[in-house]
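Working notes, structure below.
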Amino acid sequence: MDEARAATSLGRIGVVGVGRMGAPIARALQRSFSIAVHDIDRGRMRAFDGNGVEWADSIEDLAVSCEVLVTVLPGPRELNDVARLALPSLAPGSLWIDCTSGSPETTLSLAQEAAVWGVQVVNAPMGGSPAEAAAAELGFFVSGTGAAVERALPILARLAAPNGICRVGDRVEDGQIVKLLANALWFANAAAASEAMLIGTKLGLPTEHLHRLLRGSAGSSQFLEHDAGRLLDGDYLTTFGIDRVVEELDIVASLRADSGVDSPVLDASAVLHREALDRYGDRLGELLAVRLLEERADQQLRR
């Protein structure tokens, strides 16, 4: 489907949440669709003035005016608050695409409520940075019924990297489960790789040289391959808060309890990240657990 046909068939898209991720997502969608936005911070909405994007004073006003609702919110609490207001205002037959990384339990509960109002739901938790959102190079774990996903694909395709849309399953909560597990693995990998680099650096190996060797080894990971370089530049990835990391790991712990599976490695990672939250407070920094490891080792990982 070409862009003009997609815009015509899907109607207006409303985006709730135009912060660090939502703003570049809305601008990327604007290139192909009619867009309206809402955010609790009116200053964020005013940033769209003069750009051909309308903004709504309330979530209800936005929902009434659009055929597709896209939510890009910090977490499950905010998602629950927004959805309880939006769902009754969406027309039957509307589509709701949620890109929030949150709770499978919350997602399922809200999808059941959406069904009462005749609203189709696609869960599409995203992976990527604000820069990747602006470049339309995000990744999505997509779940929902086949018909709903088919409607959502022309929208997600405007935001995703090539091969960035992963179809997870028909249960709406499946995307959340996979995204949470993927994030939990990344957090644990980042901590373990940083521990290894701290050991090697303390034993006299140059940090950048050690990073290069480990990146090409059997112990490589997404973190070592794509993200550790930013750490070596002194960047603790300040587009995501340590409080949100802990929130996600708490949800993973509840999934582990439901599954009955023992997870000592993921549990140890959760303890470390909570200690980082206690040490630094709810600051931005996805790698603040690594900063805590550096502090304890009295050694920084720098080029």
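By order of appearance in the structure tokens: chains A, B, ..., then residues from 1 within every chain, and ligands from 1 in the order shown.
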Exercise for the section: Determine which residues of stretch 47-291 of chain A DSSP labels as alpha helix (DSSP H) from the backbone of this structure, then write them out as a PyMOL selection string. Expected result: chain A and resi 59-65+76-86+104-116+130-134+146-156+174-202+207-215+222+228-232+242-259+264-280+288-291
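Residues lying within 9 Å of A:Asp250, counting only C-alpha atoms and ignoring same-chain neighbours fewer than 5 positions away, are Val245, Leu255 and Ala270 of chain A.
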Handout entry: Closest of A:Pro264, A:Gly75, A:Gly234, A:Gly14 to A:Val290 - atom-to-atom distances counting only C-alpha atoms
Key = A:Gly234
Could you make a table, as JSON lines, of the residues of stretch 115-157 of chain A that have an atom within 8 Å of an atom of stretch 16-30 of chain A, each with its nearest atom pair and distance in Å to one decimal, counting only C-alpha atoms, in chain and number order?
{"residue": "A:Ser129", "atom": "CA", "partner": "A:Met21", "partner_atom": "CA", "distance": 7.3}
{"residue": "A:Pro130", "atom": "CA", "partner": "A:Met21", "partner_atom": "CA", "distance": 5.2}
{"residue": "A:Ala133", "atom": "CA", "partner": "A:Pro24", "partner_atom": "CA", "distance": 5.6}
{"residue": "A:Ala134", "atom": "CA", "partner": "A:Pro24", "partner_atom": "CA", "distance": 4.7}
{"residue": "A:Ala135", "atom": "CA", "partner": "A:Ala28", "partner_atom": "CA", "distance": 7.8}
{"residue": "A:Ala136", "atom": "CA", "partner": "A:Ala28", "partner_atom": "CA", "distance": 6.7}
{"residue": "A:Ile155", "atom": "CA", "partner": "A:Leu29", "partner_atom": "CA", "distance": 7.3}
Go ahead and save the residues from that selection, with all heavy atoms, as a PDB file, in the first residue's frame.
ATOM      1  N   SER A 129      16.236   4.138  20.301  1.00  0.00           N
ATOM      2  CA  SER A 129      16.498   5.431  20.923  1.00  0.00           C
ATOM      3  C   SER A 129      15.681   6.519  20.244  1.00  0.00           C
ATOM      4  O   SER A 129      15.092   6.304  19.181  1.00  0.00           O
ATOM      5  CB  SER A 129      17.985   5.761  20.787  1.00  0.00           C
ATOM      6  OG  SER A 129      18.306   5.953  19.411  1.00  0.00           O
ATOM      7  N   PRO A 130      15.649   7.735  20.822  1.00  0.00           N
ATOM      8  CA  PRO A 130      14.998   8.851  20.129  1.00  0.00           C
ATOM      9  C   PRO A 130      15.580   9.098  18.744  1.00  0.00           C
ATOM     10  O   PRO A 130      14.836   9.429  17.807  1.00  0.00           O
ATOM     11  CB  PRO A 130      15.247  10.032  21.075  1.00  0.00           C
ATOM     12  CG  PRO A 130      15.328   9.412  22.432  1.00  0.00           C
ATOM     13  CD  PRO A 130      16.034   8.106  22.213  1.00  0.00           C
ATOM     14  N   ALA A 133      14.105   6.588  16.500  1.00  0.00           N
ATOM     15  CA  ALA A 133      12.709   6.936  16.224  1.00  0.00           C
ATOM     16  C   ALA A 133      12.636   8.017  15.145  1.00  0.00           C
ATOM     17  O   ALA A 133      11.817   7.937  14.224  1.00  0.00           O
ATOM     18  CB  ALA A 133      12.019   7.420  17.499  1.00  0.00           C
ATOM     19  N   ALA A 134      13.502   9.027  15.246  1.00  0.00           N
ATOM     20  CA  ALA A 134      13.506  10.102  14.256  1.00  0.00           C
ATOM     21  C   ALA A 134      13.895   9.595  12.876  1.00  0.00           C
ATOM     22  O   ALA A 134      13.406  10.093  11.858  1.00  0.00           O
ATOM     23  CB  ALA A 134      14.460  11.205  14.702  1.00  0.00           C
ATOM     24  N   ALA A 135      14.763   8.582  12.846  1.00  0.00           N
ATOM     25  CA  ALA A 135      15.221   8.020  11.566  1.00  0.00           C
ATOM     26  C   ALA A 135      14.321   6.892  11.076  1.00  0.00           C
ATOM     27  O   ALA A 135      14.600   6.290  10.035  1.00  0.00           O
ATOM     28  CB  ALA A 135      16.651   7.504  11.706  1.00  0.00           C
ATOM     29  N   ALA A 136      13.223   6.615  11.799  1.00  0.00           N
ATOM     30  CA  ALA A 136      12.320   5.501  11.465  1.00  0.00           C
ATOM     31  C   ALA A 136      13.092   4.186  11.388  1.00  0.00           C
ATOM     32  O   ALA A 136      12.981   3.435  10.426  1.00  0.00           O
ATOM     33  CB  ALA A 136      11.576   5.777  10.158  1.00  0.00           C
ATOM     34  N   ILE A 155       1.211   1.516   9.507  1.00  0.00           N
ATOM     35  CA  ILE A 155       1.661   2.553  10.437  1.00  0.00           C
ATOM     36  C   ILE A 155       3.024   2.195  11.008  1.00  0.00           C
ATOM     37  O   ILE A 155       3.963   2.997  10.982  1.00  0.00           O
ATOM     38  CB  ILE A 155       0.626   2.733  11.565  1.00  0.00           C
ATOM     39  CG1 ILE A 155      -0.695   3.223  10.984  1.00  0.00           C
ATOM     40  CG2 ILE A 155       1.146   3.693  12.639  1.00  0.00           C
ATOM     41  CD1 ILE A 155      -1.838   3.211  11.960  1.00  0.00           C
TER      42      ILE A 155
END
Problem - Who sits within 9 Å of A:Leu95, only C-alpha atoms, same chain under 2 positions skipped, as a list of chain:residue names - result: A:Glu67, A:Val68, A:Leu69, A:Val70, A:Leu90, A:Pro92, A:Gly93, A:Ile97, A:Val119, A:Gln120, A:Val121, A:Val122, A:Ala148, A:Arg151, A:Ala152
Problem - Shortest interatomic distance to A:Thr239 - which of A:Leu292, A:Leu284, A:Ile40, A:Ala124, counting only C-alpha atoms - result: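 So, comparing all the options, the nearest one is A:Leu284.
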Practice task
Going by DSSP on the backbone, which bits of stretch 105-193 of chain A are strand (DSSP E)? Write them as a PyMOL selection string, please.
Solution key: chain A and resi 120-123+126-127+138-143+160-169
File of the preceding selection, N, CA, C and O atoms, as an mmCIF file, in the first residue's frame:
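Result file out26.cif:
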data_model
loop_
_atom_site.group_PDB
_atom_site.id
_atom_site.type_symbol
_atom_site.label_atom_id
_atom_site.label_comp_id
_atom_site.auth_asym_id
_atom_site.auth_seq_id
_atom_site.Cartn_x
_atom_site.Cartn_y
_atom_site.Cartn_z
ATOM 1 N N GLN A 120 -10.212 -2.511 18.317
ATOM 2 C CA GLN A 120 -9.156 -3.492 18.066
ATOM 3 C C GLN A 120 -7.856 -3.026 18.716
ATOM 4 O O GLN A 120 -7.564 -1.831 18.748
ATOM 5 N N VAL A 121 -7.076 -3.987 19.212
ATOM 6 C CA VAL A 121 -5.848 -3.652 19.934
ATOM 7 C C VAL A 121 -4.661 -4.393 19.332
ATOM 8 O O VAL A 121 -4.725 -5.605 19.101
ATOM 9 N N VAL A 122 -3.589 -3.649 19.113
ATOM 10 C CA VAL A 122 -2.300 -4.228 18.732
ATOM 11 C C VAL A 122 -1.268 -3.763 19.744
ATOM 12 O O VAL A 122 -1.144 -2.569 20.013
ATOM 13 N N ASN A 123 -0.570 -4.711 20.304
ATOM 14 C CA ASN A 123 0.516 -4.401 21.231
ATOM 15 C C ASN A 123 1.822 -4.398 20.448
ATOM 16 O O ASN A 123 2.140 -5.377 19.772
ATOM 17 N N MET A 126 8.263 -1.115 21.723
ATOM 18 C CA MET A 126 9.324 -0.757 20.783
ATOM 19 C C MET A 126 10.691 -0.850 21.432
ATOM 20 O O MET A 126 10.844 -0.776 22.646
ATOM 21 N N GLY A 127 11.679 -0.981 20.581
ATOM 22 C CA GLY A 127 13.062 -0.913 20.994
ATOM 23 C C GLY A 127 13.786 0.106 20.152
ATOM 24 O O GLY A 127 13.584 0.171 18.934
ATOM 25 N N LEU A 138 13.153 1.960 14.290
ATOM 26 C CA LEU A 138 12.799 1.274 15.525
ATOM 27 C C LEU A 138 12.553 -0.207 15.280
ATOM 28 O O LEU A 138 12.368 -0.645 14.139
ATOM 29 N N GLY A 139 12.538 -0.968 16.373
ATOM 30 C CA GLY A 139 12.116 -2.360 16.332
ATOM 31 C C GLY A 139 10.838 -2.528 17.135
ATOM 32 O O GLY A 139 10.614 -1.804 18.112
ATOM 33 N N PHE A 140 9.983 -3.446 16.726
ATOM 34 C CA PHE A 140 8.708 -3.668 17.406
ATOM 35 C C PHE A 140 8.460 -5.154 17.597
ATOM 36 O O PHE A 140 8.672 -5.954 16.678
ATOM 37 N N PHE A 141 7.997 -5.532 18.789
ATOM 38 C CA PHE A 141 7.480 -6.875 19.047
ATOM 39 C C PHE A 141 5.954 -6.777 18.980
ATOM 40 O O PHE A 141 5.320 -6.241 19.881
ATOM 41 N N VAL A 142 5.367 -7.293 17.918
ATOM 42 C CA VAL A 142 3.960 -7.034 17.606
ATOM 43 C C VAL A 142 3.104 -8.257 17.927
ATOM 44 O O VAL A 142 3.418 -9.385 17.517
ATOM 45 N N SER A 143 1.996 -8.007 18.638
ATOM 46 C CA SER A 143 1.057 -9.093 18.933
ATOM 47 C C SER A 143 -0.366 -8.569 18.898
ATOM 48 O O SER A 143 -0.627 -7.385 19.110
ATOM 49 N N ALA A 160 9.602 1.647 11.512
ATOM 50 C CA ALA A 160 10.496 0.525 11.789
ATOM 51 C C ALA A 160 11.691 0.477 10.854
ATOM 52 O O ALA A 160 11.631 0.900 9.695
ATOM 53 N N ALA A 161 12.775 -0.083 11.370
ATOM 54 C CA ALA A 161 13.934 -0.404 10.546
ATOM 55 C C ALA A 161 13.574 -1.561 9.620
ATOM 56 O O ALA A 161 12.584 -2.273 9.850
ATOM 57 N N PRO A 162 14.337 -1.775 8.556
ATOM 58 C CA PRO A 162 14.114 -2.968 7.731
ATOM 59 C C PRO A 162 14.173 -4.219 8.616
ATOM 60 O O PRO A 162 15.073 -4.360 9.441
ATOM 61 N N ASN A 163 13.199 -5.071 8.470
ATOM 62 C CA ASN A 163 13.092 -6.284 9.294
ATOM 63 C C ASN A 163 12.928 -5.971 10.776
ATOM 64 O O ASN A 163 13.225 -6.816 11.633
ATOM 65 N N GLY A 164 12.435 -4.763 11.088
ATOM 66 C CA GLY A 164 12.305 -4.366 12.481
ATOM 67 C C GLY A 164 10.980 -4.735 13.122
ATOM 68 O O GLY A 164 10.804 -4.523 14.320
ATOM 69 N N ILE A 165 10.054 -5.277 12.338
ATOM 70 C CA ILE A 165 8.755 -5.671 12.889
ATOM 71 C C ILE A 165 8.753 -7.179 13.097
ATOM 72 O O ILE A 165 8.811 -7.954 12.145
ATOM 73 N N CYS A 166 8.697 -7.597 14.359
ATOM 74 C CA CYS A 166 8.698 -9.021 14.713
ATOM 75 C C CYS A 166 7.295 -9.419 15.153
ATOM 76 O O CYS A 166 6.790 -8.907 16.164
ATOM 77 N N ARG A 167 6.670 -10.288 14.404
ATOM 78 C CA ARG A 167 5.331 -10.783 14.759
ATOM 79 C C ARG A 167 5.497 -11.843 15.837
ATOM 80 O O ARG A 167 6.114 -12.882 15.626
ATOM 81 N N VAL A 168 4.949 -11.582 17.023
ATOM 82 C CA VAL A 168 5.197 -12.437 18.182
ATOM 83 C C VAL A 168 4.110 -13.488 18.364
ATOM 84 O O VAL A 168 4.401 -14.668 18.565
ATOM 85 N N GLY A 169 2.842 -13.074 18.325
ATOM 86 C CA GLY A 169 1.765 -14.025 18.568
ATOM 87 C C GLY A 169 0.411 -13.372 18.476
ATOM 88 O O GLY A 169 0.292 -12.149 18.304
#
Exercise for the section: Could you tell me which of A:Val252, A:Leu287, A:Leu224, A:Leu198 comes closest to A:Gln300 if we count only C-alpha atoms? Expected result: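 For A:Gln300, the nearest of the candidates is A:Leu198.
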Practice task
Quick one: everything within 12 Å of A:Ala182, counting only C-alpha atoms, minus sequence neighbours fewer than 3 positions away in the same chain. Send it as JSON, numbers by chain.
Solution key: {"A": [101, 125, 126, 127, 139, 140, 141, 175, 176, 177, 178, 179, 185, 186, 187, 188, 189, 222, 223, 248, 249, 252, 266]}
Handout entry: Closest of A:Ala193, A:Thr145, A:Glu137, A:Glu173 to A:Arg158 - atom-to-atom distances counting only C-alpha atoms
Key = A:Glu137
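Minimum atom-to-atom distance to A:Leu237, evaluated using only C-alpha atoms, belongs to A:Arg283 out of A:Arg283, A:Arg42, A:Arg303, A:Arg171.
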Problem - Counting only C-alpha atoms, the option among A:Arg84, A:Ser58, A:Leu73, A:Pro154 closest to A:Ile13 - result: A:Pro154
Problem - Point-to-point distance from atom CA of A:Gln299 to atom CA of A:Glu208, Å rounded to tenths - result: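 Going from atom CA of A:Gln299 over to atom CA of A:Glu208, I get 14.0 Å.
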Handout entry: Separation of atom CA of A:Thr106 from atom CA of A:Tyr280 in Å
Key = 28.4 Å
